[in-house]
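**Student:** My file is run_19.pdb. It has PDB, C-alpha atoms:
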ATOM      1  CA  MET Q 985       0.000   0.000   0.000
ATOM      2  CA  ARG Q 986       1.070   3.522  -0.673
ATOM      3  CA  VAL Q 987      -0.173   6.561   1.159
ATOM      4  CA  VAL Q 988       0.439  10.235   0.551
ATOM      5  CA  ILE Q 989      -0.207  12.144   3.765
ATOM      6  CA  GLN Q 990      -0.922  15.845   3.521
ATOM      7  CA  ARG Q 991      -1.240  17.865   6.713
ATOM      8  CA  VAL Q 992      -4.183  20.162   6.091
ATOM      9  CA  SER Q 993      -5.981  23.098   7.654
ATOM     10  CA  LYS Q 994      -9.060  21.860   5.824
ATOM     11  CA  ALA Q 995      -9.937  19.483   3.014
ATOM     12  CA  SER Q 996     -13.015  18.301   1.162
ATOM     13  CA  VAL Q 997     -14.054  15.941  -1.595
ATOM     14  CA  SER Q 998     -16.859  16.704  -4.042
ATOM     15  CA  ILE Q 999     -18.705  14.345  -6.350
ATOM     16  CA  ASN Q1000     -20.953  15.666  -9.133
ATOM     17  CA  GLY Q1001     -20.516  19.205  -7.819
ATOM     18  CA  GLN Q1002     -21.712  18.348  -4.304
ATOM     19  CA  VAL Q1003     -19.456  18.227  -1.228
ATOM     20  CA  HIS Q1004     -19.442  14.600  -0.124
ATOM     21  CA  ALA Q1005     -17.145  14.916   2.910
ATOM     22  CA  SER Q1006     -14.991  17.567   4.564
ATOM     23  CA  ILE Q1007     -12.662  18.005   7.523
ATOM     24  CA  GLY Q1008     -10.911  20.793   9.357
ATOM     25  CA  GLN Q1009      -7.398  20.344  10.757
ATOM     26  CA  GLY Q1010      -5.973  16.904  10.118
ATOM     27  CA  TYR Q1011      -4.740  14.721   7.281
ATOM     28  CA  LEU Q1012      -5.793  14.214   3.717
ATOM     29  CA  LEU Q1013      -4.724  10.670   2.805
ATOM     30  CA  LEU Q1014      -4.403   9.479  -0.788
ATOM     31  CA  VAL Q1015      -4.340   5.676  -0.593
ATOM     32  CA  GLY Q1016      -3.335   3.218  -3.301
ATOM     33  CA  MET Q1017      -3.415  -0.564  -3.127
ATOM     34  CA  GLU Q1018      -1.677  -3.286  -5.109
ATOM     35  CA  GLU Q1019      -2.653  -6.955  -5.448
ATOM     36  CA  SER Q1020      -0.081  -8.185  -2.900
ATOM     37  CA  ASP Q1021      -1.339  -5.937  -0.086
ATOM     38  CA  ALA Q1022      -2.780  -7.605   3.019
ATOM     39  CA  LYS Q1023      -3.883  -6.970   6.609
ATOM     40  CA  GLU Q1024      -0.236  -6.674   7.676
ATOM     41  CA  ASP Q1025       0.182  -3.652   5.369
ATOM     42  CA  ILE Q1026      -2.970  -2.038   6.756
ATOM     43  CA  ASP Q1027      -1.943  -2.600  10.374
ATOM     44  CA  TRP Q1028       1.549  -1.180   9.872
ATOM     45  CA  LEU Q1029       0.389   1.854   7.876
ATOM     46  CA  THR Q1030      -2.515   2.835  10.102
ATOM     47  CA  LYS Q1031      -0.378   2.697  13.245
ATOM     48  CA  LYS Q1032       2.364   4.690  11.534
ATOM     49  CA  ILE Q1033      -0.125   7.330  10.334
ATOM     50  CA  VAL Q1034      -1.790   7.744  13.723
ATOM     51  CA  GLN Q1035       1.536   7.954  15.578
ATOM     52  CA  LEU Q1036       3.306  10.175  13.042
ATOM     53  CA  ARG Q1037       4.398  13.426  14.710
ATOM     54  CA  ILE Q1038       4.053  16.103  12.033
ATOM     55  CA  PHE Q1039       2.053  18.763  13.882
ATOM     56  CA  SER Q1040       3.903  21.596  15.568
ATOM     57  CA  ASP Q1041       4.107  21.858  19.337
ATOM     58  CA  GLU Q1042       4.316  25.098  21.333
ATOM     59  CA  ALA Q1043       8.004  25.463  20.397
ATOM     60  CA  GLY Q1044       7.223  25.145  16.670
ATOM     61  CA  LEU Q1045       8.753  21.679  16.369
ATOM     62  CA  MET Q1046       6.949  18.858  14.563
ATOM     63  CA  ASN Q1047       6.376  16.896  17.719
ATOM     64  CA  GLN Q1048       2.645  16.167  17.926
ATOM     65  CA  SER Q1049       0.481  13.494  16.330
ATOM     66  CA  ILE Q1050      -3.030  13.673  14.951
ATOM     67  CA  VAL Q1051      -4.145  12.140  18.251
ATOM     68  CA  ASP Q1052      -2.526  15.015  20.180
ATOM     69  CA  LYS Q1053      -4.212  17.589  17.911
ATOM     70  CA  HIS Q1054      -7.618  15.838  17.911
ATOM     71  CA  GLY Q1055      -7.576  16.088  14.110
ATOM     72  CA  ASN Q1056      -9.659  14.288  11.534
ATOM     73  CA  ILE Q1057      -8.692  12.303   8.448
ATOM     74  CA  LEU Q1058     -10.149  12.425   4.936
ATOM     75  CA  VAL Q1059      -9.289   9.229   3.027
ATOM     76  CA  ILE Q1060      -9.358   9.173  -0.792
ATOM     77  CA  SER Q1061      -8.700   6.056  -2.899
ATOM     78  CA  GLN Q1062      -5.964   6.807  -5.426
ATOM     79  CA  PHE Q1063      -5.013   3.915  -7.713
ATOM     80  CA  THR Q1064      -2.654   6.168  -9.701
ATOM     81  CA  LEU Q1065      -0.155   6.011  -6.815
ATOM     82  CA  PHE Q1066       0.994   2.787  -8.484
ATOM     83  CA  ALA Q1067       1.397   4.345 -11.925
ATOM     84  CA  GLN Q1068       4.570   3.389 -13.750
ATOM     85  CA  VAL Q1069       6.024   5.835 -16.253
ATOM     86  CA  LYS Q1070       9.253   4.076 -17.212
ATOM     87  CA  LYS Q1071       8.177   3.403 -20.797
ATOM     88  CA  GLY Q1072       6.306   5.847 -22.983
ATOM     89  CA  ASN Q1073       4.235   8.814 -21.907
ATOM     90  CA  ARG Q1074       1.026   7.139 -20.772
ATOM     91  CA  PRO Q1075       1.179   5.822 -17.192
ATOM     92  CA  SER Q1076       0.811   2.074 -16.818
ATOM     93  CA  LEU Q1077      -1.537   1.159 -13.980
ATOM     94  CA  ILE Q1078      -0.953  -2.592 -14.115
ATOM     95  CA  ARG Q1079       0.390  -2.669 -10.510
ATOM     96  CA  ALA Q1080      -2.753  -1.146  -9.005
ATOM     97  CA  ALA Q1081      -5.069  -3.641  -7.332
ATOM     98  CA  ARG Q1082      -8.240  -4.661  -9.156
ATOM     99  CA  HIS Q1083     -11.538  -3.465  -7.660
ATOM    100  CA  GLU Q1084     -12.349  -6.826  -6.080
ATOM    101  CA  THR Q1085      -9.057  -6.679  -4.146
ATOM    102  CA  ALA Q1086      -8.793  -2.933  -3.578
ATOM    103  CA  ILE Q1087     -12.291  -2.210  -2.218
ATOM    104  CA  PRO Q1088     -12.054  -4.584   0.790
ATOM    105  CA  LEU Q1089      -8.518  -3.306   1.500
ATOM    106  CA  TYR Q1090      -9.691   0.303   1.353
ATOM    107  CA  GLU Q1091     -12.660  -0.383   3.621
ATOM    108  CA  SER Q1092     -10.477  -2.277   6.082
ATOM    109  CA  PHE Q1093      -7.906   0.546   6.062
ATOM    110  CA  CYS Q1094     -10.602   3.137   6.882
ATOM    111  CA  SER Q1095     -12.120   0.886   9.537
ATOM    112  CA  GLU Q1096      -8.759   0.367  11.235
ATOM    113  CA  LEU Q1097      -8.115   4.131  11.277
ATOM    114  CA  GLU Q1098     -11.553   4.605  12.856
ATOM    115  CA  THR Q1099     -10.689   2.014  15.510
ATOM    116  CA  LEU Q1100      -7.393   3.740  16.315
ATOM    117  CA  LEU Q1101      -8.711   7.323  16.323
ATOM    118  CA  GLY Q1102     -12.282   6.946  17.483
ATOM    119  CA  SER Q1103     -15.700   7.171  15.963
ATOM    120  CA  GLY Q1104     -16.561  10.021  13.617
ATOM    121  CA  ARG Q1105     -13.000  11.174  12.911
ATOM    122  CA  ILE Q1106     -12.566   9.423   9.554
ATOM    123  CA  LYS Q1107     -14.276  10.775   6.430
ATOM    124  CA  GLN Q1108     -14.071   9.095   3.033
ATOM    125  CA  GLY Q1109     -14.430   9.698  -0.639
ATOM    126  CA  VAL Q1110     -16.278   7.156  -2.772
ATOM    127  CA  PHE Q1111     -14.125   4.359  -4.139
ATOM    128  CA  GLY Q1112     -13.869   4.555  -7.922
ATOM    129  CA  ALA Q1113     -15.861   7.795  -8.225
ATOM    130  CA  ASP Q1114     -14.767  10.824 -10.220
ATOM    131  CA  MET Q1115     -13.852  13.079  -7.294
ATOM    132  CA  GLN Q1116     -12.636  16.639  -6.970
ATOM    133  CA  VAL Q1117     -10.426  17.088  -3.917
ATOM    134  CA  SER Q1118      -9.793  20.488  -2.365
ATOM    135  CA  LEU Q1119      -7.315  21.180   0.393
ATOM    136  CA  ILE Q1120      -5.249  23.755   2.152
ATOM    137  CA  ASN Q1121      -1.914  22.034   2.741
ATOM    138  CA  ASP Q1122      -0.654  23.249   6.106
ATOM    139  CA  GLY Q1123       3.084  23.927   6.051
ATOM    140  CA  PRO Q1124       3.120  22.540   3.394
ATOM    141  CA  VAL Q1125       3.736  19.086   4.826
ATOM    142  CA  THR Q1126       3.419  16.124   2.460
ATOM    143  CA  ILE Q1127       4.809  12.657   3.244
ATOM    144  CA  TRP Q1128       4.799   9.518   1.109
ATOM    145  CA  ILE Q1129       4.805   6.070   2.776
ATOM    146  CA  ASP Q1130       4.981   2.642   1.145
ATOM    147  CA  SER Q1131       4.240  -0.434   3.277
ATOM    148  CA  LYS Q1132       6.611  -2.532   1.167
ATOM    149  CA  ASN Q1133       9.495  -0.059   1.654
ATOM    150  CA  ARG Q1134       9.448   0.763   5.353
ATOM    151  CA  GLU Q1135      12.134   3.431   5.471
TER
END
As structure tokens, how would this structure be written, given the file I've shared?
**Tutor:**
Amino acid sequence: MRVVIQRVSKASVSINGQVHASIGQGYLLLVGMEESDAKEDIDWLTKKIVQLRIFSDEAGLMNQSIVDKHGNILVISQFTLFAQVKKGNRPSLIRAARHETAIPLYESFCSELETLLGSGRIKQGVFGADMQVSLINDGPVTIWIDSKNRE
């Protein structure tokens, strides 16, 4: 699994011109799955995301987590995180998980975040929908994490 974490002041996702979900301070997560992803990837990533200290403390140091800040998370499925552009100019998406694999992984990922953070703090886009995402990136802070490359 791959996740792009953006620390935001606010973020929203619209579908067909209507706001579907929005949050204030927290994270916008773009989440991509590949066929080999499993529960182990979800468990590692969700714990890492919840414990990640990328909010500033009183001294201005990135020393607080989303738990400390009582922030919310907006999760958006993003299969293009597995795009390959090595050959040609059109991205190959062959590594992205098929719907029948990706949807249960996505739902499990969101559910695990909800378990770790508490009820009502996770908002979601709609898997596979044509979505328009708006955000104010706070910092800006953007971090990319891959469960298969745990650096």
**Student:** Take the point (-1.7, 17.6, 15.1) as written in the file and pick out every residue within 7 Å of it, counting only C-alpha atoms; give the list as a list of chain:residue names.
**Tutor:**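 The distance filter leaves exactly Q:Gly1010, Q:Ile1038, Q:Phe1039, Q:Ser1040, Q:Gln1048, Q:Ser1049, Q:Ile1050, Q:Val1051, Q:Asp1052, Q:Lys1053, Q:His1054, Q:Gly1055.
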**Student:** Of the candidates Q:Ile1087, Q:Leu1119, Q:Ile1129, Q:Leu1058, which shows the shortest atom-to-atom distance to His1004 in chain Q, using all atoms listed in the file?
**Tutor:** Q:Leu1058
**Student:** For the file shown, report as number ranges by chain the outcome of the PyMOL selection byres ((chain Q and resi 1060) around 6) at residue level.
**Tutor:** Q: 1014, 1059, 1061, 1109
**Student:** Go ahead and write the residues just picked, C-alpha atoms, as a CSV table (one decimal), keeping the file's coordinate frame.
**Tutor:**
chain,number,residue,atom,x,y,z
Q,1014,LEU,CA,-4.4,9.5,-0.8
Q,1059,VAL,CA,-9.3,9.2,3.0
Q,1061,SER,CA,-8.7,6.1,-2.9
Q,1109,GLY,CA,-14.4,9.7,-0.6
**Student:** Do you have the CA of Ile1033 in chain Q-CA of Ala1081 in chain Q distance handy?
**Tutor:**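 These two atoms are separated by 21.4 Å.
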**Student:** So what does the PyMOL selection byres ((chain Q and resi 1078-1080) around 9) actually pick up in this one, as a list of chain:residue names?
**Tutor:**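 With the PyMOL selection byres ((chain Q and resi 1078-1080) around 9) on this model, the match is Q:Gly1016, Q:Met1017, Q:Glu1018, Q:Glu1019, Q:Phe1063, Q:Thr1064, Q:Leu1065, Q:Phe1066, Q:Ala1067, Q:Gln1068, Q:Ser1076, Q:Leu1077, Q:Ala1081, Q:Arg1082, Q:Ala1086.
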**Student:** With C-alpha atoms retained, export the selected residues as a PDB file, keeping the file's coordinate frame.
**Tutor:**
ATOM      1  CA  GLY Q1016      -3.335   3.218  -3.301  1.00  0.00           C
ATOM      2  CA  MET Q1017      -3.415  -0.564  -3.127  1.00  0.00           C
ATOM      3  CA  GLU Q1018      -1.677  -3.286  -5.109  1.00  0.00           C
ATOM      4  CA  GLU Q1019      -2.653  -6.955  -5.448  1.00  0.00           C
ATOM      5  CA  PHE Q1063      -5.013   3.915  -7.713  1.00  0.00           C
ATOM      6  CA  THR Q1064      -2.654   6.168  -9.701  1.00  0.00           C
ATOM      7  CA  LEU Q1065      -0.155   6.011  -6.815  1.00  0.00           C
ATOM      8  CA  PHE Q1066       0.994   2.787  -8.484  1.00  0.00           C
ATOM      9  CA  ALA Q1067       1.397   4.345 -11.925  1.00  0.00           C
ATOM     10  CA  GLN Q1068       4.570   3.389 -13.750  1.00  0.00           C
ATOM     11  CA  SER Q1076       0.811   2.074 -16.818  1.00  0.00           C
ATOM     12  CA  LEU Q1077      -1.537   1.159 -13.980  1.00  0.00           C
ATOM     13  CA  ALA Q1081      -5.069  -3.641  -7.332  1.00  0.00           C
ATOM     14  CA  ARG Q1082      -8.240  -4.661  -9.156  1.00  0.00           C
ATOM     15  CA  ALA Q1086      -8.793  -2.933  -3.578  1.00  0.00           C
TER      16      ALA Q1086
END
**Student:** Would you pick out the contacts of Lys1031 in chain Q at 12 Å or less, using all atoms listed in the file, so that residues sharing its chain but fewer than 3 positions from it are not included, and give the list as a list in words?
**Tutor:**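 These residues fall inside the cut-off: Glu1024, Asp1025, Ile1026, Asp1027, Trp1028, Val1034, Gln1035, Leu1036, Arg1037, Ser1049, Ile1050, Val1051, Phe1093, Glu1096, Leu1097, Glu1098, Thr1099, Leu1100, Leu1101 and Ser1131 of chain Q.
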**Student:** Only C-alpha atoms, please: the residues just picked out, written as a tab-separated table (two decimals), in the frame of the given file.
**Tutor:**
chain	number	residue	atom	x	y	z
Q	1024	GLU	CA	-0.24	-6.67	7.68
Q	1025	ASP	CA	0.18	-3.65	5.37
Q	1026	ILE	CA	-2.97	-2.04	6.76
Q	1027	ASP	CA	-1.94	-2.60	10.37
Q	1028	TRP	CA	1.55	-1.18	9.87
Q	1034	VAL	CA	-1.79	7.74	13.72
Q	1035	GLN	CA	1.54	7.95	15.58
Q	1036	LEU	CA	3.31	10.18	13.04
Q	1037	ARG	CA	4.40	13.43	14.71
Q	1049	SER	CA	0.48	13.49	16.33
Q	1050	ILE	CA	-3.03	13.67	14.95
Q	1051	VAL	CA	-4.14	12.14	18.25
Q	1093	PHE	CA	-7.91	0.55	6.06
Q	1096	GLU	CA	-8.76	0.37	11.24
Q	1097	LEU	CA	-8.12	4.13	11.28
Q	1098	GLU	CA	-11.55	4.61	12.86
Q	1099	THR	CA	-10.69	2.01	15.51
Q	1100	LEU	CA	-7.39	3.74	16.32
Q	1101	LEU	CA	-8.71	7.32	16.32
Q	1131	SER	CA	4.24	-0.43	3.28
**Student:** Here is a test: counting only C-alpha atoms, which residue of Q:Arg991, Q:Lys1070, Q:Arg986, Q:Lys1107 is nearest to Asp1021 in chain Q?
**Tutor:**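 Distance minimum relative to Asp1021 in chain Q lands on Q:Arg986.
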**Student:** Which one is closest to Lys1132 in chain Q: Q:Ala1022, Q:Ile1120, Q:Ala1005, Q:Ala995? Count all atoms listed in the file.
**Tutor:**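 That would be Q:Ala1022, the residue with the smallest distance to Lys1132 in chain Q.
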**Student:** Need to verify the contact set: Ser998 in chain Q, 7 Å, all atoms listed in the file, exclusion of same-chain residues closer than 5 positions in sequence. Can you return it as a PyMOL selection string?
**Tutor:** chain Q and resi 1003-1004+1115-1117
**Student:** Work out how far CA of Asn1047 in chain Q is from CA of Val1015 in chain Q, in Å to one decimal.
**Tutor:** 24.0 Å
**Student:** What is the CA of Asn1121 in chain Q-CA of Leu1012 in chain Q distance in Å, reported with one decimal?
**Tutor:** 8.8 Å
**Student:** With only C-alpha atoms as the basis for distance, which of Q:Lys1023, Q:Leu1029, Q:Pro1075, Q:Ser1118 is at the shortest distance from Asn1133 in chain Q?
**Tutor:** Q:Leu1029
**Student:** Which neighbours of Thr1126 in chain Q fall inside 8 Å, counting only C-alpha atoms, when residues of the same chain fewer than 6 positions from it are skipped, and could you give them as number ranges by chain?
**Tutor:** Q: 988-991
**Student:** Find the residue from Q:Asn1000, Q:Ile1057, Q:His1083, Q:Gly1104 that sits nearest to Thr1030 in chain Q; use only C-alpha atoms when measuring.
**Tutor:** Q:Ile1057
**Student:** Counting all atoms listed in the file, which of Q:Ile999, Q:Gln1062, Q:Glu1091, Q:Arg1134 gets nearest to Asp1114 in chain Q?
**Tutor:**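 Of all the options, Q:Ile999 lies closest to Asp1114 in chain Q.
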